[in-house]
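> Have a peek at work-v5.pdb (PDB, C-alpha atoms).
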```pdb
ATOM      1  CA  MET A1266       0.000   0.000   0.000
ATOM      2  CA  ASN A1267       1.090   3.513  -0.692
ATOM      3  CA  ARG A1268       0.947   5.888   2.202
ATOM      4  CA  PRO A1269      -0.575   9.193   1.189
ATOM      5  CA  ASP A1270       1.737  12.128   1.544
ATOM      6  CA  PRO A1271      -0.881  14.651   2.519
ATOM      7  CA  ASP A1272      -0.016  18.258   2.003
ATOM      8  CA  LEU A1273      -2.048  19.726   4.838
ATOM      9  CA  ASP A1274      -1.648  23.172   3.307
ATOM     10  CA  THR A1275      -4.068  22.089   0.558
ATOM     11  CA  LEU A1276      -6.829  21.542   3.105
ATOM     12  CA  GLY A1277      -7.759  25.072   4.049
ATOM     13  CA  PRO A1278      -7.773  26.515   7.557
ATOM     14  CA  ILE A1279      -7.096  23.272   9.413
ATOM     15  CA  PRO A1280      -6.827  23.900  13.166
ATOM     16  CA  ARG A1281      -3.173  23.384  14.089
ATOM     17  CA  GLY A1282      -0.826  23.357  17.018
ATOM     18  CA  ASN A1283       2.956  23.226  17.058
ATOM     19  CA  ASP A1284       2.920  19.476  16.368
ATOM     20  CA  GLY A1285       0.250  19.369  13.649
ATOM     21  CA  PRO A1286      -3.535  19.155  13.575
ATOM     22  CA  VAL A1287      -5.472  19.711  16.784
ATOM     23  CA  PHE A1288      -8.905  18.389  17.582
ATOM     24  CA  ALA A1289     -11.520  19.784  19.945
ATOM     25  CA  GLU A1290     -13.394  16.479  20.138
ATOM     26  CA  PRO A1291     -12.477  12.813  19.606
ATOM     27  CA  TRP A1292     -14.773  12.419  16.587
ATOM     28  CA  GLN A1293     -12.717  15.038  14.751
ATOM     29  CA  ALA A1294      -9.526  13.009  15.170
ATOM     30  CA  GLU A1295     -11.387   9.887  14.069
ATOM     31  CA  ALA A1296     -12.724  11.586  10.937
ATOM     32  CA  PHE A1297      -9.242  12.912  10.159
ATOM     33  CA  ALA A1298      -7.675   9.460  10.603
ATOM     34  CA  LEU A1299     -10.392   7.832   8.496
ATOM     35  CA  VAL A1300      -9.600  10.094   5.547
ATOM     36  CA  LEU A1301      -5.891   9.312   5.851
ATOM     37  CA  LYS A1302      -6.607   5.564   6.008
ATOM     38  CA  LEU A1303      -8.951   5.624   3.006
ATOM     39  CA  ALA A1304      -6.397   7.579   0.984
ATOM     40  CA  GLU A1305      -3.704   5.104   2.059
ATOM     41  CA  GLU A1306      -5.943   2.284   0.820
ATOM     42  CA  GLU A1307      -6.282   4.183  -2.470
ATOM     43  CA  ARG A1308     -10.055   4.521  -2.131
ATOM     44  CA  PHE A1309      -9.473   8.052  -3.394
ATOM     45  CA  THR A1310      -6.460  10.177  -4.166
ATOM     46  CA  TRP A1311      -5.262  13.047  -2.039
ATOM     47  CA  PRO A1312      -6.089  15.553  -4.828
ATOM     48  CA  GLU A1313      -9.635  14.109  -5.002
ATOM     49  CA  TRP A1314      -9.937  14.575  -1.251
ATOM     50  CA  ALA A1315      -8.575  18.126  -1.293
ATOM     51  CA  ALA A1316     -11.020  19.040  -4.092
ATOM     52  CA  ALA A1317     -13.979  17.487  -2.226
ATOM     53  CA  LEU A1318     -13.093  19.366   0.963
ATOM     54  CA  SER A1319     -12.565  22.614  -0.903
ATOM     55  CA  ASP A1320     -15.947  22.218  -2.624
ATOM     56  CA  GLU A1321     -17.657  21.534   0.706
ATOM     57  CA  ILE A1322     -16.075  24.565   2.366
ATOM     58  CA  ALA A1323     -17.115  26.746  -0.587
ATOM     59  CA  ARG A1324     -20.687  25.382  -0.415
ATOM     60  CA  ALA A1325     -20.889  26.090   3.307
ATOM     61  CA  ARG A1326     -19.582  29.644   2.889
ATOM     62  CA  ALA A1327     -21.979  30.320   0.011
ATOM     63  CA  ALA A1328     -24.816  29.177   2.282
ATOM     64  CA  GLY A1329     -23.744  31.693   4.928
ATOM     65  CA  GLY A1330     -21.583  29.396   7.055
ATOM     66  CA  PRO A1331     -18.799  30.866   9.191
ATOM     67  CA  ASP A1332     -15.571  31.906   7.541
ATOM     68  CA  ASP A1333     -13.455  31.448  10.656
ATOM     69  CA  GLY A1334     -12.776  27.699  10.450
ATOM     70  CA  GLY A1335     -15.046  26.999  13.416
ATOM     71  CA  ASP A1336     -16.986  24.410  11.441
ATOM     72  CA  TYR A1337     -13.938  22.936   9.725
ATOM     73  CA  TYR A1338     -14.428  19.342  10.850
ATOM     74  CA  GLU A1339     -18.140  19.438  10.114
ATOM     75  CA  ARG A1340     -17.138  20.351   6.548
ATOM     76  CA  TRP A1341     -14.476  17.613   6.663
ATOM     77  CA  LEU A1342     -17.109  15.031   7.564
ATOM     78  CA  ALA A1343     -19.582  16.299   4.953
ATOM     79  CA  ALA A1344     -16.853  16.148   2.287
ATOM     80  CA  LEU A1345     -16.007  12.591   3.320
ATOM     81  CA  GLU A1346     -19.645  11.512   3.080
ATOM     82  CA  THR A1347     -20.005  13.146  -0.341
ATOM     83  CA  LEU A1348     -16.807  11.619  -1.685
ATOM     84  CA  LEU A1349     -17.650   8.140  -0.402
ATOM     85  CA  ALA A1350     -21.073   8.314  -2.060
ATOM     86  CA  ARG A1351     -19.610   9.696  -5.306
ATOM     87  CA  LYS A1352     -17.065   6.882  -5.432
ATOM     88  CA  GLY A1353     -19.763   4.262  -4.724
ATOM     89  CA  LEU A1354     -18.112   3.222  -1.462
ATOM     90  CA  VAL A1355     -21.272   3.780   0.576
ATOM     91  CA  GLU A1356     -24.938   4.227  -0.192
ATOM     92  CA  PRO A1357     -26.375   7.609   0.855
ATOM     93  CA  GLY A1358     -29.292   5.822   2.578
ATOM     94  CA  ASP A1359     -26.820   3.818   4.649
ATOM     95  CA  LEU A1360     -25.182   7.034   5.845
ATOM     96  CA  SER A1361     -28.532   8.488   6.831
ATOM     97  CA  GLU A1362     -29.540   5.317   8.652
ATOM     98  CA  ARG A1363     -26.260   5.211  10.573
ATOM     99  CA  LYS A1364     -26.506   8.900  11.524
ATOM    100  CA  ASN A1365     -30.021   8.366  12.830
ATOM    101  CA  ALA A1366     -28.905   5.317  14.817
ATOM    102  CA  TRP A1367     -26.086   7.307  16.427
ATOM    103  CA  ALA A1368     -28.407  10.237  17.203
ATOM    104  CA  GLU A1369     -30.870   7.867  18.886
ATOM    105  CA  ALA A1370     -28.096   6.136  20.823
ATOM    106  CA  TYR A1371     -26.698   9.482  21.945
ATOM    107  CA  ALA A1372     -30.124  10.668  23.092
ATOM    108  CA  ARG A1373     -30.674   7.596  25.273
ATOM    109  CA  THR A1374     -27.165   7.548  26.767
ATOM    110  CA  PRO A1375     -26.741   9.040  30.247
ATOM    111  CA  HIS A1376     -24.239  11.880  30.475
ATOM    112  CA  GLY A1377     -20.696  10.616  30.911
ATOM    113  CA  GLU A1378     -21.444   7.131  29.644
ATOM    114  CA  PRO A1379     -20.077   5.773  26.340
ATOM    115  CA  VAL A1380     -22.507   5.907  23.436
ATOM    116  CA  ARG A1381     -23.295   2.457  22.107
ATOM    117  CA  LEU A1382     -25.367   1.402  19.143
ATOM    118  CA  SER A1383     -27.910  -1.327  19.688
ATOM    119  CA  VAL A1384     -27.014  -4.770  18.325
ATOM    120  CA  ASP A1385     -29.359  -4.346  15.350
ATOM    121  CA  HIS A1386     -27.351  -1.345  14.056
TER     122      HIS A1386
END
```
Turn the structure described in the file into structure tokens.

Amino acid sequence: MNRPDPDLDTLGPIPRGNDGPVFAEPWQAEAFALVLKLAEEERFTWPEWAAALSDEIARARAAGGPDDGGDYYERWLAALETLLARKGLVEPGDLSERKNAWAEAYARTPHGEPVRLSVDH
């Protein structure tokens, strides 16, 4: 397998610290790592990813989204979902079903407890 050599400068206003990307929440790190892994597995190229993310950021800004990078990982996740659907790697209905399952699991989980999907999801 070829490891992607991501040029993080192509990805817009990615939140960074001295040692690289920083994440406010664990899901952001997971989404970031998932993109790197899928690129490593050659599910898409790094230029395809950069273009998808750029398009998503532009769409969000055109719709009145913030221009301060505060929603960067939301855009990251939306770009990932779009690219996976475009490449035929996931069905859009499957994404919607999984999102709903997670939302339901989150709503029924007591504060401080891990969120778990039911066995039928």
> CA of Ala1298 in chain A and CA of Thr1347 in chain A, how far apart in Å?
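Between CA of Thr1347 in chain A and CA of Ala1298 in chain A the gap is 16.9 Å.
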> Determine the axis-aligned bounding box of all atoms of range 1287-1293 of chain A present in the file, pad each side by 3 Å, and express its centre and edge lengths in Å to one decimal place as JSON.

```
{"center_x": -10.1, "center_y": 16.1, "center_z": 17.4, "size_x": 15.3, "size_y": 13.4, "size_z": 11.4}
```
> To one decimal place in Å, what is the distance between CA of Arg1324 in chain A and CA of Leu1348 in chain A?
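Taking CA of Arg1324 in chain A and CA of Leu1348 in chain A, their separation equals 14.4 Å.
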> Could you work out how far CA of Val1300 in chain A lies from CA of Pro1312 in chain A, giving the answer in Å with one decimal?
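Straight-line distance from CA of Pro1312 in chain A to CA of Val1300 in chain A works out to 12.2 Å.
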> What's the 12 Å shell around Ala1343 in chain A, counting only C-alpha atoms, without same-chain residues fewer than 4 positions away, as a CSV table (one decimal) with C-alpha atoms, in the frame of the given file?

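part.csv, written as the output of this step:
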```csv
chain,number,residue,atom,x,y,z
A,1296,ALA,CA,-12.7,11.6,10.9
A,1300,VAL,CA,-9.6,10.1,5.5
A,1314,TRP,CA,-9.9,14.6,-1.3
A,1317,ALA,CA,-14.0,17.5,-2.2
A,1318,LEU,CA,-13.1,19.4,1.0
A,1319,SER,CA,-12.6,22.6,-0.9
A,1320,ASP,CA,-15.9,22.2,-2.6
A,1321,GLU,CA,-17.7,21.5,0.7
A,1322,ILE,CA,-16.1,24.6,2.4
A,1324,ARG,CA,-20.7,25.4,-0.4
A,1325,ALA,CA,-20.9,26.1,3.3
A,1336,ASP,CA,-17.0,24.4,11.4
A,1337,TYR,CA,-13.9,22.9,9.7
A,1338,TYR,CA,-14.4,19.3,10.8
A,1339,GLU,CA,-18.1,19.4,10.1
A,1347,THR,CA,-20.0,13.1,-0.3
A,1348,LEU,CA,-16.8,11.6,-1.7
A,1349,LEU,CA,-17.6,8.1,-0.4
A,1350,ALA,CA,-21.1,8.3,-2.1
A,1357,PRO,CA,-26.4,7.6,0.9
A,1360,LEU,CA,-25.2,7.0,5.8
```
> Report as a short mmCIF file (atom, residue, chain, number, x, y, z; two decimals) with C-alpha atoms, keeping the file's coordinate frame the full result of the PyMOL selection byres ((chain A and resi 1380) around 12) when it is applied to this structure.

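The resulting file, expr_26.cif, is shown below:
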```
data_model
loop_
_atom_site.label_atom_id
_atom_site.label_comp_id
_atom_site.auth_asym_id
_atom_site.auth_seq_id
_atom_site.Cartn_x
_atom_site.Cartn_y
_atom_site.Cartn_z
CA ALA A 1366 -28.90 5.32 14.82
CA TRP A 1367 -26.09 7.31 16.43
CA ALA A 1368 -28.41 10.24 17.20
CA GLU A 1369 -30.87 7.87 18.89
CA ALA A 1370 -28.10 6.14 20.82
CA TYR A 1371 -26.70 9.48 21.94
CA ALA A 1372 -30.12 10.67 23.09
CA ARG A 1373 -30.67 7.60 25.27
CA THR A 1374 -27.16 7.55 26.77
CA PRO A 1375 -26.74 9.04 30.25
CA HIS A 1376 -24.24 11.88 30.48
CA GLY A 1377 -20.70 10.62 30.91
CA GLU A 1378 -21.44 7.13 29.64
CA PRO A 1379 -20.08 5.77 26.34
CA ARG A 1381 -23.30 2.46 22.11
CA LEU A 1382 -25.37 1.40 19.14
CA SER A 1383 -27.91 -1.33 19.69
#
```
